[in-house]
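J.: This is structure-v7.cif (mmCIF, C-alpha atoms and all ligand atoms).
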```cif
data_query
#
loop_
_atom_site.label_atom_id
_atom_site.label_comp_id
_atom_site.auth_asym_id
_atom_site.auth_seq_id
_atom_site.Cartn_x
_atom_site.Cartn_y
_atom_site.Cartn_z
CA MET A 25 31.88 -62.63 34.62
CA SER A 26 29.72 -60.16 36.56
CA GLU A 27 26.97 -60.52 33.96
CA ILE A 28 26.81 -64.31 34.45
CA TRP A 29 26.58 -63.85 38.19
CA TYR A 30 23.74 -61.37 37.70
CA ASN A 31 21.81 -63.72 35.39
CA SER A 32 21.94 -66.67 37.75
CA ILE A 33 20.59 -64.53 40.59
CA ALA A 34 17.77 -63.34 38.35
CA MET A 35 16.87 -66.96 37.51
CA ASN A 36 16.64 -67.90 41.16
CA ILE A 37 14.51 -64.90 42.04
CA LYS A 38 11.99 -65.93 39.37
CA LYS A 39 11.69 -69.34 41.01
CA LEU A 40 11.33 -67.83 44.46
CA VAL A 41 8.54 -65.34 43.70
CA LYS A 42 4.99 -66.56 44.37
CA PRO A 43 3.32 -67.55 41.08
CA GLY A 44 0.54 -64.95 41.46
CA VAL A 45 3.02 -62.12 41.92
CA TYR A 46 5.21 -63.37 39.07
CA SER A 47 2.22 -63.35 36.69
CA LEU A 48 1.50 -59.67 37.41
CA LYS A 49 2.73 -56.55 35.68
CA ALA A 50 3.51 -53.59 37.96
CA TYR A 51 0.60 -51.14 38.08
CA GLN A 52 1.25 -48.38 35.56
CA ALA A 53 1.00 -45.17 37.54
CA LYS A 54 3.69 -43.24 35.73
CA GLU A 55 3.35 -39.49 35.43
CA ILE A 56 2.82 -38.20 31.93
CA PRO A 57 3.64 -34.49 31.60
CA CYS A 58 0.61 -32.42 30.56
CA LYS A 59 -1.04 -29.02 30.97
CA ILE A 60 -4.49 -30.34 31.83
CA LYS A 61 -4.71 -33.54 33.90
CA LEU A 62 -8.02 -35.33 33.42
CA ASP A 63 -6.86 -38.96 33.67
CA ALA A 64 -7.11 -40.12 37.29
CA ASN A 65 -10.59 -39.12 38.52
CA GLU A 66 -9.09 -36.58 40.89
CA SER A 67 -10.99 -33.45 41.91
CA PRO A 68 -9.87 -30.24 40.18
CA TYR A 69 -10.31 -28.50 43.55
CA GLY A 70 -7.70 -28.92 46.28
CA PHE A 71 -7.34 -27.46 49.77
CA ARG A 72 -4.42 -25.49 51.18
CA ASP A 73 -3.12 -23.57 54.19
CA PHE A 74 -2.60 -26.11 56.97
CA TYR A 75 0.04 -24.20 58.93
CA ASN A 76 -1.69 -24.71 62.27
CA VAL A 77 -2.17 -28.42 61.64
CA LEU A 78 1.44 -28.87 60.62
CA ARG A 79 2.63 -27.01 63.71
CA SER A 80 0.78 -29.47 65.95
CA ILE A 81 2.38 -32.60 64.46
CA LYS A 82 5.08 -34.31 66.49
CA THR A 83 7.39 -35.84 63.92
CA ASN A 84 9.14 -38.01 66.54
CA ARG A 85 5.92 -39.78 67.57
CA TYR A 86 3.99 -42.51 65.79
CA PRO A 87 0.56 -41.54 64.47
CA ASP A 88 -2.60 -42.46 66.40
CA PRO A 89 -2.87 -46.17 65.45
CA GLU A 90 -6.65 -46.03 65.74
CA ALA A 91 -7.17 -42.68 63.95
CA LYS A 92 -9.73 -41.89 66.66
CA ASN A 93 -10.56 -38.28 65.70
CA LEU A 94 -10.92 -39.05 62.03
CA ARG A 95 -13.04 -42.16 62.62
CA LYS A 96 -15.29 -40.15 64.92
CA ILE A 97 -15.90 -37.54 62.21
CA ILE A 98 -16.58 -40.20 59.56
CA ALA A 99 -18.87 -42.14 61.91
CA LYS A 100 -20.91 -39.00 62.57
CA GLU A 101 -21.09 -38.19 58.87
CA PHE A 102 -22.58 -41.60 58.08
CA SER A 103 -24.63 -42.02 61.29
CA VAL A 104 -22.77 -45.13 62.45
CA LYS A 105 -20.50 -45.82 65.43
CA PRO A 106 -16.70 -45.38 65.28
CA GLU A 107 -16.54 -49.16 65.90
CA ASN A 108 -18.13 -49.60 62.46
CA ILE A 109 -15.27 -47.74 60.72
CA LEU A 110 -11.84 -48.96 59.67
CA GLN A 111 -9.33 -46.51 58.22
CA GLY A 112 -7.06 -47.38 55.30
CA ASN A 113 -4.13 -45.84 53.46
CA GLY A 114 -6.52 -45.31 50.58
CA SER A 115 -9.26 -47.80 49.87
CA ASP A 116 -6.67 -49.73 47.85
CA GLU A 117 -5.14 -50.84 51.13
CA LEU A 118 -8.55 -51.88 52.44
CA ILE A 119 -9.09 -54.09 49.38
CA TYR A 120 -5.79 -55.73 50.31
CA TYR A 121 -6.92 -56.20 53.91
CA LEU A 122 -10.30 -57.65 52.91
CA ILE A 123 -8.72 -60.25 50.65
CA ALA A 124 -6.03 -61.03 53.26
CA THR A 125 -8.78 -61.52 55.87
CA PHE A 126 -11.36 -63.56 53.95
CA GLY A 127 -9.42 -65.04 51.04
CA GLY A 128 -10.93 -65.98 47.67
CA PRO A 129 -12.35 -66.73 45.24
CA VAL A 130 -12.88 -63.03 44.56
CA LEU A 131 -15.75 -62.18 42.21
CA PHE A 132 -16.13 -58.83 40.42
CA PRO A 133 -17.77 -57.60 37.24
CA GLU A 134 -15.69 -56.67 34.21
CA PRO A 135 -14.80 -53.98 33.30
CA THR A 136 -14.33 -52.49 36.75
CA PHE A 137 -11.67 -51.03 39.03
CA SER A 138 -8.55 -53.06 38.30
CA MET A 139 -7.22 -53.31 41.86
CA TYR A 140 -9.69 -56.05 42.92
CA GLY A 141 -8.14 -58.45 40.41
CA ILE A 142 -4.55 -57.29 40.85
CA ILE A 143 -4.58 -57.64 44.65
CA ALA A 144 -6.39 -60.99 44.59
CA THR A 145 -3.78 -62.30 42.14
CA ALA A 146 -0.90 -60.89 44.22
CA LEU A 147 -2.29 -62.78 47.22
CA ASP A 148 -2.62 -65.97 45.12
CA GLU A 149 -6.41 -65.99 45.38
CA LYS A 150 -8.63 -67.09 42.52
CA THR A 151 -10.39 -64.30 40.60
CA LEU A 152 -13.83 -64.61 39.04
CA PRO A 153 -14.34 -61.74 36.58
CA VAL A 154 -17.90 -61.67 35.20
CA ALA A 155 -18.61 -59.60 32.08
CA LEU A 156 -21.19 -56.81 32.44
CA ASP A 157 -24.21 -56.92 30.11
CA GLY A 158 -24.69 -54.65 27.05
CA THR A 159 -25.95 -51.79 29.23
CA PHE A 160 -22.96 -52.04 31.61
CA ASP A 161 -25.28 -53.54 34.26
CA LEU A 162 -24.64 -56.71 36.28
CA ASP A 163 -25.32 -59.99 34.46
CA ILE A 164 -27.24 -61.58 37.30
CA GLU A 165 -27.61 -64.99 35.65
CA LYS A 166 -23.88 -65.37 35.09
CA ILE A 167 -23.16 -64.14 38.61
CA PHE A 168 -25.64 -66.59 40.16
CA ASN A 169 -24.01 -69.39 38.18
CA HIS A 170 -20.63 -68.50 39.65
CA LEU A 171 -22.14 -68.26 43.14
CA LYS A 172 -23.42 -71.81 42.83
CA LYS A 173 -20.31 -73.34 41.27
CA GLU A 174 -17.43 -71.39 42.79
CA ASN A 175 -18.70 -70.14 46.13
CA PRO A 176 -16.77 -66.82 46.13
CA LYS A 177 -15.79 -65.46 49.53
CA LEU A 178 -15.73 -61.84 48.39
CA ILE A 179 -17.79 -59.93 45.83
CA PHE A 180 -16.61 -56.44 44.88
CA LEU A 181 -19.20 -54.14 43.28
CA SER A 182 -18.10 -50.61 42.42
CA SER A 183 -21.30 -48.55 42.14
CA PRO A 184 -21.04 -46.07 40.46
CA ASN A 185 -18.70 -48.29 38.48
CA ASN A 186 -15.26 -47.24 37.29
CA PRO A 187 -14.70 -46.92 34.27
CA THR A 188 -18.29 -47.18 32.95
CA GLY A 189 -19.73 -44.44 35.23
CA ASN A 190 -23.16 -46.02 35.82
CA CYS A 191 -24.70 -47.38 39.00
CA PHE A 192 -25.69 -51.04 38.89
CA SER A 193 -29.37 -51.79 39.32
CA SER A 194 -30.14 -51.81 43.04
CA GLU A 195 -32.57 -54.74 42.64
CA LYS A 196 -29.73 -56.84 41.26
CA ILE A 197 -27.33 -55.76 44.00
CA LEU A 198 -29.93 -56.63 46.65
CA LYS A 199 -30.56 -60.03 45.06
CA ILE A 200 -26.83 -60.78 45.24
CA ILE A 201 -26.55 -59.67 48.87
CA GLU A 202 -29.59 -61.75 49.85
CA LYS A 203 -28.45 -64.81 47.93
CA THR A 204 -25.03 -64.75 49.61
CA THR A 205 -25.99 -64.19 53.27
CA GLN A 206 -23.86 -66.56 55.39
CA LYS A 207 -21.69 -67.38 52.36
CA SER A 208 -19.95 -64.33 50.92
CA ILE A 209 -19.05 -60.79 51.88
CA VAL A 210 -20.43 -58.23 49.41
CA ILE A 211 -18.37 -55.02 49.25
CA ILE A 212 -20.02 -52.00 47.63
CA ASP A 213 -17.20 -49.67 46.62
CA GLU A 214 -18.78 -46.22 46.88
CA ALA A 215 -15.70 -44.24 45.76
CA TYR A 216 -17.96 -42.15 43.48
CA GLN A 217 -21.15 -42.07 45.60
CA PRO A 218 -20.71 -38.33 46.43
CA PHE A 219 -21.39 -37.59 42.73
CA SER A 220 -24.34 -39.96 42.34
CA SER A 221 -28.05 -39.12 42.21
CA LYS A 222 -28.88 -42.68 43.30
CA LYS A 223 -29.14 -43.80 46.92
CA GLY A 224 -26.06 -45.32 48.57
CA TYR A 225 -26.05 -48.56 50.58
CA ILE A 226 -24.92 -47.44 54.05
CA PRO A 227 -28.53 -47.45 55.38
CA LEU A 228 -28.74 -51.18 54.53
CA LEU A 229 -25.85 -52.16 56.82
CA ASN A 230 -28.31 -52.90 59.63
CA ASP A 231 -30.27 -55.33 57.46
CA TYR A 232 -27.44 -57.40 55.99
CA GLU A 233 -24.54 -58.72 58.03
CA ASN A 234 -22.55 -59.72 54.92
CA LEU A 235 -22.52 -56.14 53.57
CA VAL A 236 -19.43 -53.91 53.60
CA ILE A 237 -19.27 -50.34 52.25
CA MET A 238 -16.01 -48.81 51.06
CA ARG A 239 -15.47 -45.06 50.83
CA THR A 240 -12.52 -42.85 49.96
CA LEU A 241 -11.55 -39.18 50.25
CA SER A 242 -9.45 -39.45 47.08
CA LYS A 243 -12.09 -38.41 44.57
CA ILE A 244 -13.37 -35.39 46.52
CA GLY A 245 -10.13 -33.39 46.66
CA MET A 246 -7.91 -35.39 49.05
CA ALA A 247 -6.11 -37.91 46.83
CA ALA A 248 -2.76 -36.79 48.28
CA LEU A 249 -3.79 -37.92 51.75
CA ARG A 250 -4.38 -41.59 50.80
CA THR A 251 -7.36 -42.04 53.08
CA GLY A 252 -10.19 -44.55 52.72
CA PHE A 253 -12.68 -46.28 54.99
CA LEU A 254 -14.58 -49.51 55.46
CA ILE A 255 -18.01 -49.23 57.02
CA ALA A 256 -19.36 -52.54 58.30
CA SER A 257 -20.59 -54.49 61.33
CA GLU A 258 -18.36 -54.49 64.39
CA GLU A 259 -17.73 -58.21 63.83
CA ILE A 260 -16.36 -57.67 60.32
CA ILE A 261 -14.31 -54.61 61.36
CA GLU A 262 -12.84 -56.58 64.27
CA GLN A 263 -11.60 -59.35 61.95
CA VAL A 264 -10.19 -57.07 59.23
CA ASN A 265 -8.51 -54.95 61.91
CA LYS A 266 -6.32 -57.96 62.76
CA VAL A 267 -4.48 -57.74 59.43
CA ARG A 268 -4.27 -53.92 59.42
CA LEU A 269 -0.72 -52.65 59.94
CA PRO A 270 -0.67 -50.74 63.25
CA PHE A 271 0.25 -47.27 61.94
CA ASN A 272 -1.25 -47.47 58.46
CA LEU A 273 -2.49 -43.88 58.35
CA ASN A 274 0.16 -41.21 58.98
CA SER A 275 -0.35 -38.20 61.26
CA PHE A 276 -0.41 -35.67 58.42
CA SER A 277 -3.23 -37.47 56.61
CA GLN A 278 -5.24 -37.97 59.78
CA LYS A 279 -5.04 -34.34 60.88
CA ILE A 280 -5.43 -32.70 57.50
CA ALA A 281 -8.40 -34.93 56.63
CA CYS A 282 -10.09 -33.88 59.91
CA GLU A 283 -9.52 -30.22 59.02
CA ILE A 284 -10.86 -30.51 55.48
CA LEU A 285 -13.89 -32.59 56.50
CA LYS A 286 -14.96 -29.68 58.75
CA LYS A 287 -15.40 -27.54 55.61
CA LYS A 288 -18.65 -29.27 54.72
CA GLU A 289 -20.13 -26.38 52.78
CA LEU A 290 -17.10 -25.96 50.56
CA LEU A 291 -16.84 -29.72 49.94
CA GLY A 292 -20.50 -29.75 48.94
CA LYS A 293 -20.04 -26.76 46.65
CA TYR A 294 -17.13 -28.42 44.83
CA ILE A 295 -19.06 -31.68 44.38
CA LYS A 296 -22.08 -29.80 43.02
CA SER A 297 -19.94 -27.91 40.54
CA ILE A 298 -18.34 -31.15 39.34
CA CYS A 299 -21.78 -32.72 38.86
CA ASN A 300 -23.06 -29.69 36.93
CA GLU A 301 -19.99 -29.75 34.73
CA ARG A 302 -20.37 -33.50 34.17
CA ASP A 303 -23.92 -32.99 32.93
CA ARG A 304 -22.88 -30.10 30.69
CA LEU A 305 -19.91 -32.04 29.32
CA PHE A 306 -22.12 -35.06 28.61
CA LYS A 307 -24.54 -32.92 26.58
CA GLU A 308 -21.75 -31.21 24.66
CA MET A 309 -19.88 -34.45 23.95
CA SER A 310 -23.10 -36.11 22.76
CA LYS A 311 -23.47 -33.36 20.14
CA ILE A 312 -20.14 -34.26 18.53
CA LYS A 313 -20.54 -36.55 15.54
CA GLY A 314 -18.36 -39.63 16.03
CA VAL A 315 -18.53 -39.52 19.84
CA ILE A 316 -20.77 -41.75 21.94
CA ALA A 317 -20.74 -40.56 25.57
CA TYR A 318 -22.08 -42.90 28.24
CA PRO A 319 -24.26 -41.40 31.03
CA SER A 320 -22.35 -41.05 34.30
CA GLU A 321 -23.15 -40.88 38.01
CA ALA A 322 -19.45 -40.28 38.79
CA ASN A 323 -16.82 -37.54 38.26
CA PHE A 324 -15.76 -38.87 34.87
CA ILE A 325 -17.31 -39.79 31.53
CA LEU A 326 -16.55 -42.85 29.44
CA PHE A 327 -16.88 -42.25 25.73
CA LYS A 328 -16.44 -44.13 22.49
CA VAL A 329 -14.78 -42.82 19.34
CA GLU A 330 -13.81 -44.43 16.05
CA ASN A 331 -10.07 -44.35 16.62
CA SER A 332 -9.35 -44.06 20.33
CA GLU A 333 -5.57 -44.33 20.03
CA MET A 334 -5.39 -41.41 17.62
CA VAL A 335 -7.82 -39.25 19.60
CA TYR A 336 -5.92 -40.00 22.83
CA LYS A 337 -2.60 -39.05 21.26
CA SER A 338 -3.87 -35.92 19.59
CA LEU A 339 -5.39 -34.69 22.88
CA LEU A 340 -2.11 -35.40 24.67
CA LYS A 341 -0.24 -33.47 22.01
CA ALA A 342 -2.52 -30.53 22.80
CA GLY A 343 -1.61 -30.92 26.49
CA VAL A 344 -4.82 -32.66 27.61
CA LEU A 345 -4.22 -35.98 29.40
CA ILE A 346 -7.19 -38.37 29.63
CA ARG A 347 -7.28 -42.14 30.16
CA ASN A 348 -7.07 -44.60 27.31
CA MET A 349 -9.46 -47.45 28.13
CA ASN A 350 -9.10 -49.20 24.78
CA SER A 351 -7.66 -52.36 26.32
CA VAL A 352 -10.65 -52.60 28.69
CA VAL A 353 -13.59 -51.33 26.61
CA ASN A 354 -13.09 -51.28 22.86
CA ASP A 355 -12.27 -47.82 21.46
CA CYS A 356 -13.21 -46.11 24.70
CA LEU A 357 -11.59 -43.20 26.51
CA ARG A 358 -12.32 -41.84 29.97
CA VAL A 359 -12.21 -38.15 30.85
CA THR A 360 -12.27 -36.82 34.42
CA ILE A 361 -14.40 -33.73 35.04
CA GLY A 362 -12.17 -30.70 35.58
CA THR A 363 -12.80 -26.99 36.08
CA ILE A 364 -15.07 -25.16 33.61
CA LYS A 365 -12.00 -23.80 31.85
CA GLU A 366 -10.29 -27.21 31.64
CA ASN A 367 -13.46 -28.84 30.36
CA ASN A 368 -13.85 -26.21 27.65
CA ILE A 369 -10.30 -26.78 26.44
CA PHE A 370 -10.91 -30.54 26.48
CA LEU A 371 -14.12 -30.11 24.43
CA GLU A 372 -12.41 -27.89 21.90
CA GLU A 373 -9.46 -30.27 21.49
CA LEU A 374 -11.80 -33.27 21.28
CA ARG A 375 -13.80 -31.63 18.47
CA LYS A 376 -10.58 -30.81 16.61
CA SER A 377 -9.11 -34.28 16.99
CA ILE A 378 -12.31 -35.99 15.86
CA LEU A 379 -12.37 -33.83 12.74
CA ASN A 380 -8.71 -34.61 12.07
CA THR A 381 -9.01 -38.37 12.58
CA ARG A 382 -12.12 -38.54 10.36
CA ASN A 383 -10.43 -36.85 7.41
C1 LIG B 401 -10.07 -44.53 42.67
C2 LIG B 401 -10.79 -45.73 43.17
C3 LIG B 401 -10.46 -46.32 44.39
C4 LIG B 401 -9.15 -46.03 45.05
O1 LIG B 401 -9.27 -45.17 46.04
P1 LIG B 401 -8.04 -44.81 47.00
O2 LIG B 401 -8.78 -44.50 48.25
O3 LIG B 401 -7.38 -43.65 46.39
O4 LIG B 401 -7.15 -45.99 47.14
C5 LIG B 401 -11.25 -47.36 44.85
N1 LIG B 401 -12.28 -47.81 44.13
C6 LIG B 401 -12.61 -47.30 42.95
C7 LIG B 401 -13.75 -47.85 42.19
C8 LIG B 401 -11.85 -46.25 42.42
O5 LIG B 401 -12.13 -45.78 41.20
#
```
Can you give me the file's structure in the form of structure tokens?
T.:
Amino acid sequence: MSEIWYNSIAMNIKKLVKPGVYSLKAYQAKEIPCKIKLDANESPYGFRDFYNVLRSIKTNRYPDPEAKNLRKIIAKEFSVKPENILQGNGSDELIYYLIATFGGPVLFPEPTFSMYGIIATALDEKTLPVALDGTFDLDIEKIFNHLKKENPKLIFLSSPNNPTGNCFSSEKILKIIEKTTQKSIVIIDEAYQPFSSKKGYIPLLNDYENLVIMRTLSKIGMAALRTGFLIASEEIIEQVNKVRLPFNLNSFSQKIACEILKKKELLGKYIKSICNERDRLFKEMSKIKGVIAYPSEANFILFKVENSEMVYKSLLKAGVLIRNMNSVVNDCLRVTIGTIKENNIFLEELRKSILNTRN
């Protein structure tokens, strides 16, 4: 009896859910136990000791809805005005806000960060994934075709790109921005720009009114805070701000982010060490027979092996968690740069597992 009741409810819910949402699978962010966590592009270096900050927080009061102090610090860092900054509960939330504000179609290269497609689908907007070329660069001809036929409202370009690690050619990015003036908003997702040797796009904001830059604190040691930013013209910020939930960034995140961002020297030191380790890891991985490592401008390395499932599992068995990208790029795995010690253990276990899977 109770089972029948339950089933009929379930049937009705299916009919009630929006088709886009129904077609989705929940994002897999489950925690896999491991000794060494190199799967989520986090920094191996965290920050601690915020007793004074915590003491100043009034738990009975709402957070500053405008995150004034934090936006001021970010504005100064990037030489823009606070009016050019919008704070998000992670840049994930800002992707949501952008699509809610402008709608679709939403164009993005493939493979790239999965949230562009997931959020567009959840909001019932059309997605236009465009395959990258053989060098993981933008396929400008295919993109221009889509621009002509589909007139996308939003174009998301993650550069450096996740999971491939490379920056897209800046000539191609500029061509896309110029071609779409007055027609589309181009968002450059600079989540990994702190690790890149190539120039970022913030200086171009004055030249192109359809350009938006997205940044996050997640990859430089503050993933726990869920804090990201849009940097754009006041006109764009004003529109997106209308869909922002009033208290989207909690007091703890605002205050702790302000504290950590003051430690510029330490932040810089950590980023430098991650970049050095990335370059060392790339060289060492490239020496292993049966491993093709792809050059990276980010805090992770994508690499190809003969049997990615087996290598992934054997590393996990040894306590090293990386990301299996096989469903996105054939036989590819993605490893986040850790501490020197973590990277050495990863290298050793990778060598072992390659030997084992080859025999
Ligand atoms: C990790 C990542 C983000 C998400 O950042 P949050 O600020 O943690 O939401 C955005 N874009 C890309 C390309 C990423 O890899």
J.: Scan for residues within 9 Å of the point (-15.0, -37.4, 15.0) in the coordinates of the file, using all atoms listed in the file, and reply as a list of chain:residue names.
T.: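 In the file's frame, the residues around the point are A:Ile312, A:Lys313, A:Gly314, A:Val315, A:Val329, A:Glu330, A:Asn331, A:Val335, A:Leu374, A:Arg375, A:Lys376, A:Ser377, A:Ile378, A:Leu379, A:Asn380, A:Thr381, A:Arg382, A:Asn383.
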J.: At a cut-off of 6 Å around ligand LIG 401 (chain B), and using only C-alpha atoms and all ligand atoms, what residues come up? Please write them as a PyMOL selection string.
T.: chain A and resi 114-116+137+182+186+213+215+240+242+247+250-252
J.: Find the residues around Leu291 of chain A up to 10 Å (all atoms listed in the file counted), leave out those fewer than 4 positions away in its own chain, and share them as a ChimeraX atom specification.
T.: /A:69-71,244-245,284-287,295-296
J.: Which of these, A:Ser220, A:Cys356, A:Ala248, A:Ile346, has the shortest distance to Phe276 of chain A once you count all atoms listed in the file?
T.: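 Once distances to Phe276 of chain A are computed over all atoms listed in the file, the minimum belongs to A:Ala248.
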J.: Using all atoms listed in the file, determine which residues lie at most 12 Å from Thr151 of chain A, disregarding the query and same-chain residues fewer than 2 positions distant; provide the list as an MDAnalysis selection string.
T.: chainID A and resid 44 123 127:134 138:149 153:154 170 174:180
J.: Select, from A:Ile109, A:Leu198, A:Leu78, A:Leu94, the residue with the minimum atom-to-atom distance to Cys282 of chain A, counting only C-alpha atoms.
T.: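 The closest residue to Cys282 of chain A is A:Leu94.
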J.: What is the atom CA of Arg268 of chain A-atom CA of Lys105 of chain A distance in Å, reported with one decimal?
T.: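 Computing the Euclidean distance for atom CA of Arg268 of chain A and atom CA of Lys105 of chain A yields 19.1 Å.
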J.: Tell me which of A:Lys203, A:Ser275, A:Lys96, A:Leu345 sits closest to Glu55 of chain A, counting all atoms listed in the file.
T.: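 Closest residue, counting all atoms listed in the file: A:Leu345.
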J.: Out of A:Gly158, A:Gly292, A:Pro135, A:Gly224, which residue has the shortest atom-to-atom distance to Asn350 of chain A when counting all atoms listed in the file?
T.: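 Looking only at the distances to Asn350 of chain A, the closest residue turns out to be A:Pro135.
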J.: Please compute the atom CA of Lys266 of chain A-atom CA of Tyr51 of chain A distance, one decimal, in Å.
T.: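 Atom CA of Lys266 of chain A sits 26.5 Å away from atom CA of Tyr51 of chain A.
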J.: Interatomic distance between atom CA of Leu171 of chain A and atom CA of Ser193 of chain A?
T.: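 These two atoms are separated by 18.4 Å.
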J.: I'd like to know which of A:Leu371, A:Leu340, A:Leu290, A:Ile255 is closest to Leu305 of chain A, using only C-alpha atoms.
T.: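 Closest candidate: A:Leu371.
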J.: Using only C-alpha atoms, determine which residues lie at most 9 Å from segment 227-239 of chain A, disregarding the query and same-chain residues fewer than 2 positions distant; provide the list as a PDB file with C-alpha atoms, in the frame of the given file.
T.:
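Listed below is the output, out-v1.pdb:
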```pdb
ATOM      1  CA  PHE A 102     -22.580 -41.600  58.080  1.00  0.00           C
ATOM      2  CA  SER A 103     -24.630 -42.020  61.290  1.00  0.00           C
ATOM      3  CA  GLY A 114      -6.520 -45.310  50.580  1.00  0.00           C
ATOM      4  CA  SER A 115      -9.260 -47.800  49.870  1.00  0.00           C
ATOM      5  CA  LEU A 118      -8.550 -51.880  52.440  1.00  0.00           C
ATOM      6  CA  ILE A 119      -9.090 -54.090  49.380  1.00  0.00           C
ATOM      7  CA  ILE A 201     -26.550 -59.670  48.870  1.00  0.00           C
ATOM      8  CA  GLU A 202     -29.590 -61.750  49.850  1.00  0.00           C
ATOM      9  CA  THR A 204     -25.030 -64.750  49.610  1.00  0.00           C
ATOM     10  CA  THR A 205     -25.990 -64.190  53.270  1.00  0.00           C
ATOM     11  CA  GLN A 206     -23.860 -66.560  55.390  1.00  0.00           C
ATOM     12  CA  LYS A 207     -21.690 -67.380  52.360  1.00  0.00           C
ATOM     13  CA  SER A 208     -19.950 -64.330  50.920  1.00  0.00           C
ATOM     14  CA  ILE A 209     -19.050 -60.790  51.880  1.00  0.00           C
ATOM     15  CA  VAL A 210     -20.430 -58.230  49.410  1.00  0.00           C
ATOM     16  CA  ILE A 211     -18.370 -55.020  49.250  1.00  0.00           C
ATOM     17  CA  ILE A 212     -20.020 -52.000  47.630  1.00  0.00           C
ATOM     18  CA  ASP A 213     -17.200 -49.670  46.620  1.00  0.00           C
ATOM     19  CA  GLU A 214     -18.780 -46.220  46.880  1.00  0.00           C
ATOM     20  CA  ALA A 215     -15.700 -44.240  45.760  1.00  0.00           C
ATOM     21  CA  TYR A 216     -17.960 -42.150  43.480  1.00  0.00           C
ATOM     22  CA  GLN A 217     -21.150 -42.070  45.600  1.00  0.00           C
ATOM     23  CA  GLY A 224     -26.060 -45.320  48.570  1.00  0.00           C
ATOM     24  CA  TYR A 225     -26.050 -48.560  50.580  1.00  0.00           C
ATOM     25  CA  LEU A 241     -11.550 -39.180  50.250  1.00  0.00           C
ATOM     26  CA  THR A 251      -7.360 -42.040  53.080  1.00  0.00           C
ATOM     27  CA  GLY A 252     -10.190 -44.550  52.720  1.00  0.00           C
ATOM     28  CA  PHE A 253     -12.680 -46.280  54.990  1.00  0.00           C
ATOM     29  CA  LEU A 254     -14.580 -49.510  55.460  1.00  0.00           C
ATOM     30  CA  ILE A 255     -18.010 -49.230  57.020  1.00  0.00           C
ATOM     31  CA  ALA A 256     -19.360 -52.540  58.300  1.00  0.00           C
ATOM     32  CA  SER A 257     -20.590 -54.490  61.330  1.00  0.00           C
ATOM     33  CA  GLU A 259     -17.730 -58.210  63.830  1.00  0.00           C
ATOM     34  CA  ILE A 260     -16.360 -57.670  60.320  1.00  0.00           C
TER      35      ILE A 260
END
```
J.: Compile the contact shell of Ala64 of chain A as a VMD selection string: residues with an atom at most 10 Å away, counting only C-alpha atoms, same-chain residues fewer than 5 positions apart removed.
T.: chain A and resid 53 243 247 324 345 to 347 358 to 361
